[in-house]
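One file, run16.cif, carrying mmCIF, N, CA and C atoms:
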data_query
#
loop_
_atom_site.label_atom_id
_atom_site.label_comp_id
_atom_site.auth_asym_id
_atom_site.auth_seq_id
_atom_site.Cartn_x
_atom_site.Cartn_y
_atom_site.Cartn_z
N GLU A 17 -27.61 63.89 33.45
CA GLU A 17 -27.24 64.94 34.37
C GLU A 17 -26.17 65.85 33.78
N ALA A 18 -25.25 65.27 33.03
CA ALA A 18 -24.19 66.07 32.44
C ALA A 18 -24.78 67.03 31.41
N GLU A 19 -25.75 66.54 30.63
CA GLU A 19 -26.40 67.38 29.64
C GLU A 19 -27.14 68.52 30.32
N GLU A 20 -27.84 68.20 31.41
CA GLU A 20 -28.58 69.22 32.15
C GLU A 20 -27.63 70.23 32.76
N SER A 21 -26.50 69.79 33.26
CA SER A 21 -25.49 70.69 33.82
C SER A 21 -24.96 71.61 32.74
N GLY A 22 -24.78 71.07 31.54
CA GLY A 22 -24.33 71.88 30.42
C GLY A 22 -25.33 72.95 30.06
N LYS A 23 -26.62 72.59 30.05
CA LYS A 23 -27.67 73.58 29.77
C LYS A 23 -27.68 74.67 30.83
N LEU A 24 -27.53 74.25 32.08
CA LEU A 24 -27.50 75.24 33.16
C LEU A 24 -26.29 76.15 33.03
N ALA A 25 -25.17 75.60 32.62
CA ALA A 25 -23.96 76.39 32.45
C ALA A 25 -24.16 77.40 31.33
N GLU A 26 -24.80 76.99 30.23
CA GLU A 26 -25.08 77.90 29.13
C GLU A 26 -26.01 79.01 29.57
N ALA A 27 -27.05 78.63 30.34
CA ALA A 27 -27.99 79.63 30.85
C ALA A 27 -27.29 80.62 31.76
N SER A 28 -26.40 80.13 32.59
CA SER A 28 -25.65 81.00 33.50
C SER A 28 -24.72 81.91 32.71
N ALA A 29 -24.11 81.38 31.65
CA ALA A 29 -23.23 82.19 30.83
C ALA A 29 -24.01 83.29 30.13
N ALA A 30 -25.21 82.97 29.65
CA ALA A 30 -26.06 83.97 29.00
C ALA A 30 -26.47 85.03 30.01
N ASP A 31 -26.80 84.60 31.20
CA ASP A 31 -27.16 85.55 32.26
C ASP A 31 -25.98 86.45 32.58
N ALA A 32 -24.78 85.92 32.56
CA ALA A 32 -23.59 86.69 32.87
C ALA A 32 -23.35 87.76 31.83
N ALA A 33 -23.64 87.43 30.59
CA ALA A 33 -23.46 88.40 29.52
C ALA A 33 -24.48 89.53 29.64
N ASP A 34 -25.69 89.18 30.09
CA ASP A 34 -26.75 90.18 30.22
C ASP A 34 -26.54 91.11 31.40
N SER A 35 -25.99 90.63 32.45
CA SER A 35 -25.82 91.45 33.65
C SER A 35 -24.35 91.53 34.02
N ALA A 36 -24.03 92.59 34.68
CA ALA A 36 -22.65 92.78 35.08
C ALA A 36 -22.49 92.40 36.55
N ALA A 37 -23.03 91.25 36.94
CA ALA A 37 -22.98 90.82 38.33
C ALA A 37 -21.60 90.25 38.65
N ALA A 38 -21.31 90.20 39.91
CA ALA A 38 -20.02 89.68 40.36
C ALA A 38 -19.95 88.18 40.10
N PRO A 39 -18.77 87.63 39.83
CA PRO A 39 -18.62 86.20 39.56
C PRO A 39 -19.11 85.32 40.71
N GLU A 40 -18.97 85.77 41.96
CA GLU A 40 -19.45 85.00 43.09
C GLU A 40 -20.96 84.84 43.06
N ASP A 41 -21.65 85.92 42.65
CA ASP A 41 -23.12 85.88 42.56
C ASP A 41 -23.56 84.91 41.48
N LEU A 42 -22.83 84.93 40.37
CA LEU A 42 -23.17 84.02 39.27
C LEU A 42 -22.98 82.57 39.67
N ALA A 43 -21.91 82.29 40.35
CA ALA A 43 -21.64 80.92 40.80
C ALA A 43 -22.69 80.47 41.79
N GLU A 44 -23.06 81.36 42.68
CA GLU A 44 -24.10 81.02 43.66
C GLU A 44 -25.44 80.78 42.97
N ASP A 45 -25.76 81.63 41.97
CA ASP A 45 -27.01 81.47 41.23
C ASP A 45 -27.01 80.15 40.47
N PHE A 46 -25.87 79.82 39.85
CA PHE A 46 -25.76 78.56 39.12
C PHE A 46 -25.98 77.38 40.06
N ASN A 47 -25.34 77.42 41.23
CA ASN A 47 -25.47 76.34 42.21
C ASN A 47 -26.92 76.18 42.67
N LYS A 48 -27.59 77.30 42.90
CA LYS A 48 -28.99 77.25 43.33
C LYS A 48 -29.86 76.60 42.25
N ARG A 49 -29.65 77.03 41.00
CA ARG A 49 -30.43 76.45 39.89
C ARG A 49 -30.17 74.95 39.75
N TRP A 50 -28.89 74.59 39.82
CA TRP A 50 -28.54 73.18 39.66
C TRP A 50 -29.16 72.34 40.77
N LEU A 51 -29.07 72.81 42.01
CA LEU A 51 -29.65 72.09 43.13
C LEU A 51 -31.17 71.97 43.00
N GLN A 52 -31.81 73.04 42.55
CA GLN A 52 -33.26 73.01 42.37
C GLN A 52 -33.64 71.99 41.30
N GLN A 53 -32.92 72.00 40.18
CA GLN A 53 -33.22 71.05 39.12
C GLN A 53 -32.92 69.62 39.56
N TYR A 54 -31.85 69.44 40.31
CA TYR A 54 -31.51 68.10 40.80
C TYR A 54 -32.61 67.60 41.74
N ALA A 55 -33.09 68.48 42.60
CA ALA A 55 -34.15 68.08 43.54
C ALA A 55 -35.44 67.73 42.80
N GLU A 56 -35.75 68.45 41.73
CA GLU A 56 -36.95 68.16 40.94
C GLU A 56 -36.84 66.82 40.23
N ASN A 57 -35.64 66.52 39.72
CA ASN A 57 -35.45 65.30 38.94
C ASN A 57 -35.23 64.07 39.79
N SER A 58 -34.88 64.23 41.05
CA SER A 58 -34.63 63.06 41.88
C SER A 58 -35.95 62.62 42.49
N GLY A 59 -36.56 61.65 41.84
CA GLY A 59 -37.83 61.11 42.31
C GLY A 59 -37.68 59.67 42.71
N SER A 60 -38.73 58.91 42.58
CA SER A 60 -38.72 57.51 42.99
C SER A 60 -37.82 56.67 42.09
N GLU A 61 -37.58 57.11 40.85
CA GLU A 61 -36.71 56.33 39.96
C GLU A 61 -35.30 56.25 40.52
N SER A 62 -34.77 57.37 41.00
CA SER A 62 -33.42 57.32 41.54
C SER A 62 -33.40 56.54 42.85
N ASP A 63 -34.50 56.58 43.61
CA ASP A 63 -34.59 55.79 44.83
C ASP A 63 -34.55 54.30 44.51
N ASP A 64 -35.21 53.89 43.42
CA ASP A 64 -35.23 52.48 43.03
C ASP A 64 -33.83 51.98 42.67
N GLN A 65 -32.99 52.85 42.13
CA GLN A 65 -31.64 52.44 41.76
C GLN A 65 -30.79 52.13 42.99
N LEU A 66 -31.15 52.73 44.11
CA LEU A 66 -30.37 52.52 45.33
C LEU A 66 -30.81 51.29 46.11
N LEU A 67 -31.98 50.75 45.78
CA LEU A 67 -32.51 49.61 46.52
C LEU A 67 -31.91 48.30 46.01
N ASN A 68 -31.76 47.34 46.91
CA ASN A 68 -31.32 46.02 46.46
C ASN A 68 -32.53 45.24 45.94
N ALA A 69 -32.32 44.07 45.43
CA ALA A 69 -33.39 43.29 44.79
C ALA A 69 -34.53 42.98 45.77
N GLU A 70 -34.19 42.63 47.00
CA GLU A 70 -35.22 42.29 47.98
C GLU A 70 -36.07 43.51 48.34
N GLU A 71 -35.45 44.67 48.44
CA GLU A 71 -36.20 45.89 48.76
C GLU A 71 -37.12 46.28 47.61
N LYS A 72 -36.65 46.11 46.37
CA LYS A 72 -37.49 46.39 45.20
C LYS A 72 -38.69 45.45 45.18
N LEU A 73 -38.44 44.18 45.49
CA LEU A 73 -39.51 43.19 45.52
C LEU A 73 -40.53 43.54 46.60
N GLU A 74 -40.04 43.95 47.75
CA GLU A 74 -40.92 44.34 48.86
C GLU A 74 -41.78 45.54 48.46
N ARG A 75 -41.17 46.50 47.78
CA ARG A 75 -41.91 47.68 47.31
C ARG A 75 -42.97 47.28 46.30
N GLU A 76 -42.63 46.35 45.41
CA GLU A 76 -43.59 45.88 44.40
C GLU A 76 -44.77 45.17 45.07
N ARG A 77 -44.48 44.35 46.08
CA ARG A 77 -45.54 43.63 46.79
C ARG A 77 -46.51 44.59 47.46
N LYS A 78 -45.97 45.62 48.09
CA LYS A 78 -46.81 46.56 48.83
C LYS A 78 -47.53 47.53 47.89
N ALA A 79 -46.92 47.88 46.77
CA ALA A 79 -47.52 48.82 45.84
C ALA A 79 -48.79 48.25 45.21
N ASP A 80 -48.74 47.02 44.76
CA ASP A 80 -49.91 46.39 44.15
C ASP A 80 -49.87 44.89 44.42
N PRO A 81 -50.37 44.47 45.59
CA PRO A 81 -50.29 43.04 45.93
C PRO A 81 -51.06 42.15 44.96
N THR A 82 -52.13 42.69 44.36
CA THR A 82 -52.92 41.89 43.41
C THR A 82 -52.10 41.58 42.17
N ALA A 83 -51.43 42.58 41.62
CA ALA A 83 -50.60 42.36 40.43
C ALA A 83 -49.46 41.39 40.74
N ARG A 84 -48.87 41.53 41.91
CA ARG A 84 -47.79 40.62 42.31
C ARG A 84 -48.33 39.20 42.47
N TYR A 85 -49.53 39.06 43.04
CA TYR A 85 -50.15 37.74 43.21
C TYR A 85 -50.35 37.08 41.85
N ILE A 86 -50.85 37.84 40.89
CA ILE A 86 -51.10 37.29 39.55
C ILE A 86 -49.78 36.86 38.90
N LYS A 87 -48.76 37.69 39.05
CA LYS A 87 -47.44 37.37 38.48
C LYS A 87 -46.85 36.12 39.12
N VAL A 88 -46.92 36.03 40.44
CA VAL A 88 -46.36 34.87 41.15
C VAL A 88 -47.16 33.61 40.83
N ALA A 89 -48.48 33.72 40.75
CA ALA A 89 -49.31 32.56 40.42
C ALA A 89 -48.94 32.02 39.03
N LYS A 90 -48.67 32.91 38.10
CA LYS A 90 -48.27 32.50 36.75
C LYS A 90 -46.91 31.80 36.81
N GLU A 91 -45.98 32.32 37.60
CA GLU A 91 -44.67 31.69 37.76
C GLU A 91 -44.80 30.29 38.36
N VAL A 92 -45.65 30.16 39.37
CA VAL A 92 -45.88 28.86 40.01
C VAL A 92 -46.42 27.86 38.98
N GLU A 93 -47.36 28.33 38.18
CA GLU A 93 -47.94 27.46 37.14
C GLU A 93 -46.87 27.02 36.14
N ASP A 94 -46.06 27.96 35.68
CA ASP A 94 -45.00 27.64 34.71
C ASP A 94 -43.96 26.68 35.29
N LEU A 95 -43.55 26.96 36.53
CA LEU A 95 -42.54 26.09 37.16
C LEU A 95 -43.10 24.70 37.45
N SER A 96 -44.38 24.62 37.80
CA SER A 96 -45.01 23.31 38.01
C SER A 96 -45.00 22.51 36.71
N ARG A 97 -45.28 23.19 35.62
CA ARG A 97 -45.28 22.53 34.31
C ARG A 97 -43.87 22.05 33.96
N ILE A 98 -42.86 22.87 34.23
CA ILE A 98 -41.47 22.48 33.96
C ILE A 98 -41.08 21.26 34.78
N CYS A 99 -41.41 21.28 36.08
CA CYS A 99 -41.09 20.14 36.96
C CYS A 99 -41.79 18.87 36.47
N LYS A 100 -43.05 19.00 36.06
CA LYS A 100 -43.80 17.84 35.57
C LYS A 100 -43.16 17.29 34.30
N ASN A 101 -42.78 18.17 33.39
CA ASN A 101 -42.14 17.72 32.14
C ASN A 101 -40.81 17.02 32.41
N LEU A 102 -40.01 17.56 33.33
CA LEU A 102 -38.74 16.92 33.66
C LEU A 102 -38.96 15.57 34.34
N LYS A 103 -39.99 15.49 35.17
CA LYS A 103 -40.30 14.23 35.84
C LYS A 103 -40.75 13.18 34.81
N ASP A 104 -41.58 13.61 33.86
CA ASP A 104 -42.02 12.70 32.80
C ASP A 104 -40.84 12.27 31.94
N LYS A 105 -39.94 13.20 31.67
CA LYS A 105 -38.76 12.89 30.87
C LYS A 105 -37.89 11.85 31.58
N LYS A 106 -37.77 11.99 32.89
CA LYS A 106 -36.98 11.04 33.68
C LYS A 106 -37.63 9.67 33.68
N ARG A 107 -38.96 9.68 33.81
CA ARG A 107 -39.70 8.41 33.85
C ARG A 107 -39.59 7.65 32.53
N THR A 108 -39.57 8.37 31.41
CA THR A 108 -39.50 7.70 30.11
C THR A 108 -38.09 7.28 29.74
N GLY A 109 -37.10 7.74 30.50
CA GLY A 109 -35.73 7.33 30.22
C GLY A 109 -34.97 8.31 29.35
N ALA A 110 -35.65 9.32 28.85
CA ALA A 110 -34.97 10.31 28.01
C ALA A 110 -34.06 11.20 28.85
N PHE A 111 -34.20 11.14 30.14
CA PHE A 111 -33.43 11.93 31.09
C PHE A 111 -31.95 11.57 31.02
N LYS A 112 -31.65 10.33 30.65
CA LYS A 112 -30.28 9.83 30.67
C LYS A 112 -29.41 10.47 29.60
N GLN A 113 -30.03 11.07 28.59
CA GLN A 113 -29.25 11.67 27.51
C GLN A 113 -28.44 12.87 27.99
N ASN A 114 -29.02 13.67 28.87
CA ASN A 114 -28.33 14.85 29.38
C ASN A 114 -28.65 14.96 30.87
N ILE A 115 -28.22 13.97 31.61
CA ILE A 115 -28.68 13.78 32.99
C ILE A 115 -28.26 14.92 33.92
N SER A 116 -27.04 15.38 33.86
CA SER A 116 -26.60 16.41 34.82
C SER A 116 -27.30 17.75 34.58
N ALA A 117 -27.47 18.12 33.33
CA ALA A 117 -28.16 19.38 33.02
C ALA A 117 -29.63 19.30 33.43
N ASP A 118 -30.28 18.19 33.15
CA ASP A 118 -31.68 18.03 33.50
C ASP A 118 -31.88 17.98 35.02
N GLN A 119 -30.97 17.33 35.71
CA GLN A 119 -31.06 17.29 37.17
C GLN A 119 -30.90 18.70 37.75
N GLN A 120 -29.97 19.47 37.18
CA GLN A 120 -29.77 20.85 37.64
C GLN A 120 -31.02 21.69 37.37
N LYS A 121 -31.61 21.52 36.19
CA LYS A 121 -32.85 22.24 35.86
C LYS A 121 -33.95 21.89 36.84
N GLN A 122 -34.04 20.61 37.16
CA GLN A 122 -35.09 20.16 38.07
C GLN A 122 -34.86 20.74 39.48
N ARG A 123 -33.62 20.75 39.95
CA ARG A 123 -33.31 21.33 41.27
C ARG A 123 -33.63 22.82 41.30
N ASP A 124 -33.21 23.54 40.26
CA ASP A 124 -33.48 24.98 40.19
C ASP A 124 -34.97 25.28 40.16
N ALA A 125 -35.69 24.53 39.34
CA ALA A 125 -37.14 24.73 39.24
C ALA A 125 -37.83 24.42 40.55
N THR A 126 -37.41 23.38 41.23
CA THR A 126 -38.01 23.00 42.51
C THR A 126 -37.74 24.07 43.57
N THR A 127 -36.52 24.60 43.59
CA THR A 127 -36.17 25.66 44.55
C THR A 127 -36.99 26.92 44.30
N LYS A 128 -37.06 27.33 43.04
CA LYS A 128 -37.86 28.51 42.70
C LYS A 128 -39.32 28.30 43.02
N LEU A 129 -39.82 27.10 42.72
CA LEU A 129 -41.22 26.79 42.96
C LEU A 129 -41.55 26.91 44.45
N ALA A 130 -40.69 26.38 45.29
CA ALA A 130 -40.92 26.47 46.74
C ALA A 130 -40.92 27.93 47.20
N LYS A 131 -40.00 28.72 46.69
CA LYS A 131 -39.90 30.13 47.05
C LYS A 131 -41.17 30.88 46.64
N PHE A 132 -41.61 30.65 45.41
CA PHE A 132 -42.81 31.32 44.91
C PHE A 132 -44.08 30.86 45.64
N GLN A 133 -44.13 29.58 46.03
CA GLN A 133 -45.30 29.09 46.78
C GLN A 133 -45.40 29.76 48.14
N VAL A 134 -44.26 29.99 48.80
CA VAL A 134 -44.26 30.69 50.08
C VAL A 134 -44.75 32.13 49.88
N GLU A 135 -44.25 32.79 48.85
CA GLU A 135 -44.68 34.16 48.58
C GLU A 135 -46.16 34.21 48.24
N LEU A 136 -46.63 33.23 47.50
CA LEU A 136 -48.05 33.17 47.14
C LEU A 136 -48.92 33.02 48.39
N LYS A 137 -48.47 32.20 49.34
CA LYS A 137 -49.20 32.04 50.60
C LYS A 137 -49.25 33.35 51.38
N ASP A 138 -48.10 34.06 51.41
CA ASP A 138 -48.06 35.36 52.10
C ASP A 138 -48.99 36.37 51.44
N LEU A 139 -48.98 36.41 50.12
CA LEU A 139 -49.86 37.32 49.41
C LEU A 139 -51.33 36.95 49.63
N ASP A 140 -51.60 35.64 49.61
CA ASP A 140 -52.96 35.15 49.81
C ASP A 140 -53.45 35.47 51.22
N ALA A 141 -52.55 35.49 52.19
CA ALA A 141 -52.90 35.83 53.57
C ALA A 141 -53.00 37.35 53.75
N GLU A 142 -52.81 38.08 52.66
CA GLU A 142 -52.89 39.54 52.62
C GLU A 142 -51.89 40.20 53.56
N LYS A 143 -50.71 39.62 53.61
CA LYS A 143 -49.63 40.16 54.43
C LYS A 143 -49.16 41.52 53.92
N TYR A 144 -49.26 41.74 52.61
CA TYR A 144 -48.76 42.97 52.00
C TYR A 144 -49.88 43.94 51.63
N GLY A 145 -51.10 43.55 51.83
CA GLY A 145 -52.24 44.41 51.49
C GLY A 145 -53.40 43.57 50.99
N THR A 146 -54.51 44.23 50.81
CA THR A 146 -55.73 43.55 50.38
C THR A 146 -55.64 43.18 48.90
N LEU A 147 -56.06 41.96 48.59
CA LEU A 147 -56.09 41.49 47.21
C LEU A 147 -57.45 41.76 46.60
N ASP A 148 -57.44 42.08 45.32
CA ASP A 148 -58.67 42.25 44.56
C ASP A 148 -59.01 40.89 43.95
N ARG A 149 -59.81 40.12 44.67
CA ARG A 149 -60.12 38.74 44.25
C ARG A 149 -60.84 38.69 42.91
N GLU A 150 -61.70 39.66 42.65
CA GLU A 150 -62.43 39.68 41.37
C GLU A 150 -61.46 39.85 40.21
N ARG A 151 -60.50 40.76 40.36
CA ARG A 151 -59.50 40.98 39.31
C ARG A 151 -58.65 39.73 39.09
N ILE A 152 -58.30 39.06 40.18
CA ILE A 152 -57.50 37.84 40.07
C ILE A 152 -58.28 36.76 39.32
N THR A 153 -59.53 36.58 39.70
CA THR A 153 -60.37 35.57 39.03
C THR A 153 -60.55 35.90 37.56
N LEU A 154 -60.79 37.18 37.26
CA LEU A 154 -61.00 37.60 35.87
C LEU A 154 -59.75 37.34 35.03
N ILE A 155 -58.60 37.72 35.53
CA ILE A 155 -57.36 37.56 34.76
C ILE A 155 -57.00 36.09 34.61
N GLN A 156 -57.17 35.31 35.67
CA GLN A 156 -56.85 33.89 35.58
C GLN A 156 -57.80 33.15 34.65
N SER A 157 -59.04 33.60 34.56
CA SER A 157 -59.99 32.94 33.64
C SER A 157 -59.69 33.27 32.19
N GLN A 158 -59.02 34.40 31.95
CA GLN A 158 -58.66 34.80 30.58
C GLN A 158 -57.43 34.07 30.07
N GLN A 159 -56.66 33.49 30.97
CA GLN A 159 -55.40 32.82 30.55
C GLN A 159 -55.65 31.42 30.15
#
Let me see the file written as structure tokens.
Amino acid sequence: EAEESGKLAEASAADAADSAAAPEDLAEDFNKRWLQQYAENSGSESDDQLLNAEEKLERERKADPTARYIKVAKEVEDLSRICKNLKDKKRTGAFKQNISADQQKQRDATTKLAKFQVELKDLDAEKYGTLDRERITLIQSQQ
């Protein structure tokens, strides 16, 4: 924005040299140009910066529920694998080497897994929009 303001200031200065307009008119013209350019550049990207994490997630779910479903399904699969590996590690006794860190990993993975499973159920129930089942099947078969 600072660079763009500088360009606008240069353009206004050039305009001032070309015309003998009053300084008030030049300032008003500069302000109009700056506001117009600001309005053009303020799109959904700047809106995303103002949203909190939950609002961004909600927007992502509604924008493309199928893509979100595929992403969440992959996360559920990965977290299930992590939980299984930690459980196997505990069963074999290797868990005792770094017990507090492994227990924390297992708690975190279990919490995330439960959260993602709830979201997956909501997406599957088409709470956020219609899912493209063919696309989901195709992508999951490729993995």
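Nearest to Arg97 (chain A) of all the residues A:Asp148, A:Pro81, A:Gln122, A:Lys131 is A:Gln122, based on only C-alpha atoms.
Within the file as shown, the PyMOL selection byres ((chain A and resi 150-158) around 7) identifies A:Thr82, A:Ile86, A:Leu147, A:Asp148, A:Arg149, A:Gln159.
Atom pair atom N of Leu136 (chain A) / atom C of Ser116 (chain A) has a distance of 27.9 Å (rounded to one decimal).
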Please determine an axis-aligned box that encloses all atoms of region 137-153 of chain A listed in the file, with 3 Å added on each side, and express its centre and edge lengths in Å to one decimal as AutoDock Vina command-line options.
--center_x -55.2 --center_y 38.2 --center_z 46.0 --size_x 20.4 --size_y 18.4 --size_z 22.9
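The interatomic distance for the pair atom C of Ala79 (chain A) and atom C of Thr127 (chain A) works out to 24.4 Å.
Of the residues under consideration (A:Ala117, A:Ala83, A:Ala69, A:Leu129), A:Leu129 shows the shortest atom-to-atom contact distance to Ser96 (chain A) when counting only N, CA and C atoms.
By only C-alpha atoms, and with residues fewer than 6 positions from Asn114 (chain A) along its chain excluded, the set lying at most 12 Å from it is Leu102, Lys105, Lys106, Gln120 and Lys121 of chain A.
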Save out the residues we just selected, N, CA and C atoms, as an mmCIF file, in the coordinates of the input.
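Written file, part_39.cif:
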data_model
loop_
_atom_site.group_PDB
_atom_site.id
_atom_site.type_symbol
_atom_site.label_atom_id
_atom_site.label_comp_id
_atom_site.auth_asym_id
_atom_site.auth_seq_id
_atom_site.Cartn_x
_atom_site.Cartn_y
_atom_site.Cartn_z
ATOM 1 N N LEU A 102 -40.010 17.560 33.330
ATOM 2 C CA LEU A 102 -38.740 16.920 33.660
ATOM 3 C C LEU A 102 -38.960 15.570 34.340
ATOM 4 N N LYS A 105 -39.940 13.200 31.670
ATOM 5 C CA LYS A 105 -38.760 12.890 30.870
ATOM 6 C C LYS A 105 -37.890 11.850 31.580
ATOM 7 N N LYS A 106 -37.770 11.990 32.890
ATOM 8 C CA LYS A 106 -36.980 11.040 33.680
ATOM 9 C C LYS A 106 -37.630 9.670 33.680
ATOM 10 N N GLN A 120 -29.970 19.470 37.180
ATOM 11 C CA GLN A 120 -29.770 20.850 37.640
ATOM 12 C C GLN A 120 -31.020 21.690 37.370
ATOM 13 N N LYS A 121 -31.610 21.520 36.190
ATOM 14 C CA LYS A 121 -32.850 22.240 35.860
ATOM 15 C C LYS A 121 -33.950 21.890 36.840
#
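Among A:Ala43, A:Ile98, A:Gly109, A:Lys78, the residue with the shortest atom-to-atom distance to Lys143 (chain A), counting only N, CA and C atoms, is A:Lys78.
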For region 142-150 of chain A, supply all heavy atoms and format the output as a PDB file, keeping the file's coordinate frame.
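Saved as selection-v2.pdb:
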ATOM      1  N   GLU A 142     -52.810  38.080  52.660  1.00  0.00           N
ATOM      2  CA  GLU A 142     -52.890  39.540  52.620  1.00  0.00           C
ATOM      3  C   GLU A 142     -51.890  40.200  53.560  1.00  0.00           C
ATOM      4  O   GLU A 142     -52.174  41.219  54.203  1.00  0.00           O
ATOM      5  CB  GLU A 142     -54.330  40.010  52.875  1.00  0.00           C
ATOM      6  CG  GLU A 142     -55.274  39.504  51.807  1.00  0.00           C
ATOM      7  CD  GLU A 142     -56.700  40.029  51.919  1.00  0.00           C
ATOM      8  OE1 GLU A 142     -57.035  40.644  52.944  1.00  0.00           O
ATOM      9  OE2 GLU A 142     -57.452  39.832  50.961  1.00  0.00           O
ATOM     10  N   LYS A 143     -50.710  39.620  53.610  1.00  0.00           N
ATOM     11  CA  LYS A 143     -49.630  40.160  54.430  1.00  0.00           C
ATOM     12  C   LYS A 143     -49.160  41.520  53.920  1.00  0.00           C
ATOM     13  O   LYS A 143     -48.716  42.361  54.688  1.00  0.00           O
ATOM     14  CB  LYS A 143     -48.462  39.162  54.433  1.00  0.00           C
ATOM     15  CG  LYS A 143     -47.261  39.585  55.234  1.00  0.00           C
ATOM     16  CD  LYS A 143     -46.190  38.523  55.207  1.00  0.00           C
ATOM     17  CE  LYS A 143     -44.925  38.975  55.912  1.00  0.00           C
ATOM     18  NZ  LYS A 143     -43.864  37.969  55.819  1.00  0.00           N
ATOM     19  N   TYR A 144     -49.260  41.740  52.610  1.00  0.00           N
ATOM     20  CA  TYR A 144     -48.760  42.970  52.000  1.00  0.00           C
ATOM     21  C   TYR A 144     -49.880  43.940  51.630  1.00  0.00           C
ATOM     22  O   TYR A 144     -49.604  45.013  51.108  1.00  0.00           O
ATOM     23  CB  TYR A 144     -47.918  42.643  50.761  1.00  0.00           C
ATOM     24  CG  TYR A 144     -46.771  41.746  51.080  1.00  0.00           C
ATOM     25  CD1 TYR A 144     -46.806  40.391  50.776  1.00  0.00           C
ATOM     26  CD2 TYR A 144     -45.649  42.242  51.720  1.00  0.00           C
ATOM     27  CE1 TYR A 144     -45.744  39.562  51.085  1.00  0.00           C
ATOM     28  CE2 TYR A 144     -44.584  41.419  52.036  1.00  0.00           C
ATOM     29  CZ  TYR A 144     -44.638  40.084  51.710  1.00  0.00           C
ATOM     30  OH  TYR A 144     -43.583  39.270  52.026  1.00  0.00           O
ATOM     31  N   GLY A 145     -51.100  43.550  51.830  1.00  0.00           N
ATOM     32  CA  GLY A 145     -52.240  44.410  51.490  1.00  0.00           C
ATOM     33  C   GLY A 145     -53.400  43.570  50.990  1.00  0.00           C
ATOM     34  O   GLY A 145     -53.284  42.366  50.790  1.00  0.00           O
ATOM     35  N   THR A 146     -54.510  44.230  50.810  1.00  0.00           N
ATOM     36  CA  THR A 146     -55.730  43.550  50.380  1.00  0.00           C
ATOM     37  C   THR A 146     -55.640  43.180  48.900  1.00  0.00           C
ATOM     38  O   THR A 146     -55.231  43.989  48.077  1.00  0.00           O
ATOM     39  CB  THR A 146     -56.953  44.464  50.609  1.00  0.00           C
ATOM     40  OG1 THR A 146     -56.944  44.896  51.972  1.00  0.00           O
ATOM     41  CG2 THR A 146     -58.242  43.738  50.313  1.00  0.00           C
ATOM     42  N   LEU A 147     -56.060  41.960  48.590  1.00  0.00           N
ATOM     43  CA  LEU A 147     -56.090  41.490  47.210  1.00  0.00           C
ATOM     44  C   LEU A 147     -57.450  41.760  46.600  1.00  0.00           C
ATOM     45  O   LEU A 147     -58.476  41.650  47.266  1.00  0.00           O
ATOM     46  CB  LEU A 147     -55.798  39.992  47.158  1.00  0.00           C
ATOM     47  CG  LEU A 147     -54.425  39.527  47.604  1.00  0.00           C
ATOM     48  CD1 LEU A 147     -54.358  38.007  47.584  1.00  0.00           C
ATOM     49  CD2 LEU A 147     -53.342  40.114  46.738  1.00  0.00           C
ATOM     50  N   ASP A 148     -57.440  42.080  45.320  1.00  0.00           N
ATOM     51  CA  ASP A 148     -58.670  42.250  44.560  1.00  0.00           C
ATOM     52  C   ASP A 148     -59.010  40.890  43.950  1.00  0.00           C
ATOM     53  O   ASP A 148     -58.561  40.539  42.861  1.00  0.00           O
ATOM     54  CB  ASP A 148     -58.465  43.311  43.472  1.00  0.00           C
ATOM     55  CG  ASP A 148     -59.733  43.629  42.696  1.00  0.00           C
ATOM     56  OD1 ASP A 148     -60.751  42.946  42.914  1.00  0.00           O
ATOM     57  OD2 ASP A 148     -59.693  44.567  41.871  1.00  0.00           O
ATOM     58  N   ARG A 149     -59.810  40.120  44.670  1.00  0.00           N
ATOM     59  CA  ARG A 149     -60.120  38.740  44.250  1.00  0.00           C
ATOM     60  C   ARG A 149     -60.840  38.690  42.910  1.00  0.00           C
ATOM     61  O   ARG A 149     -60.625  37.781  42.116  1.00  0.00           O
ATOM     62  CB  ARG A 149     -60.961  38.043  45.322  1.00  0.00           C
ATOM     63  CG  ARG A 149     -60.338  38.032  46.704  1.00  0.00           C
ATOM     64  CD  ARG A 149     -59.343  36.940  46.841  1.00  0.00           C
ATOM     65  NE  ARG A 149     -58.761  36.962  48.190  1.00  0.00           N
ATOM     66  CZ  ARG A 149     -57.729  36.285  48.540  1.00  0.00           C
ATOM     67  NH1 ARG A 149     -57.147  35.500  47.683  1.00  0.00           N
ATOM     68  NH2 ARG A 149     -57.247  36.360  49.761  1.00  0.00           N
ATOM     69  N   GLU A 150     -61.700  39.660  42.650  1.00  0.00           N
ATOM     70  CA  GLU A 150     -62.430  39.680  41.370  1.00  0.00           C
ATOM     71  C   GLU A 150     -61.460  39.850  40.210  1.00  0.00           C
ATOM     72  O   GLU A 150     -61.596  39.178  39.189  1.00  0.00           O
ATOM     73  CB  GLU A 150     -63.464  40.811  41.372  1.00  0.00           C
ATOM     74  CG  GLU A 150     -64.618  40.583  42.324  1.00  0.00           C
ATOM     75  CD  GLU A 150     -65.582  41.764  42.355  1.00  0.00           C
ATOM     76  OE1 GLU A 150     -65.508  42.627  41.455  1.00  0.00           O
ATOM     77  OE2 GLU A 150     -66.399  41.804  43.276  1.00  0.00           O
TER      78      GLU A 150
END
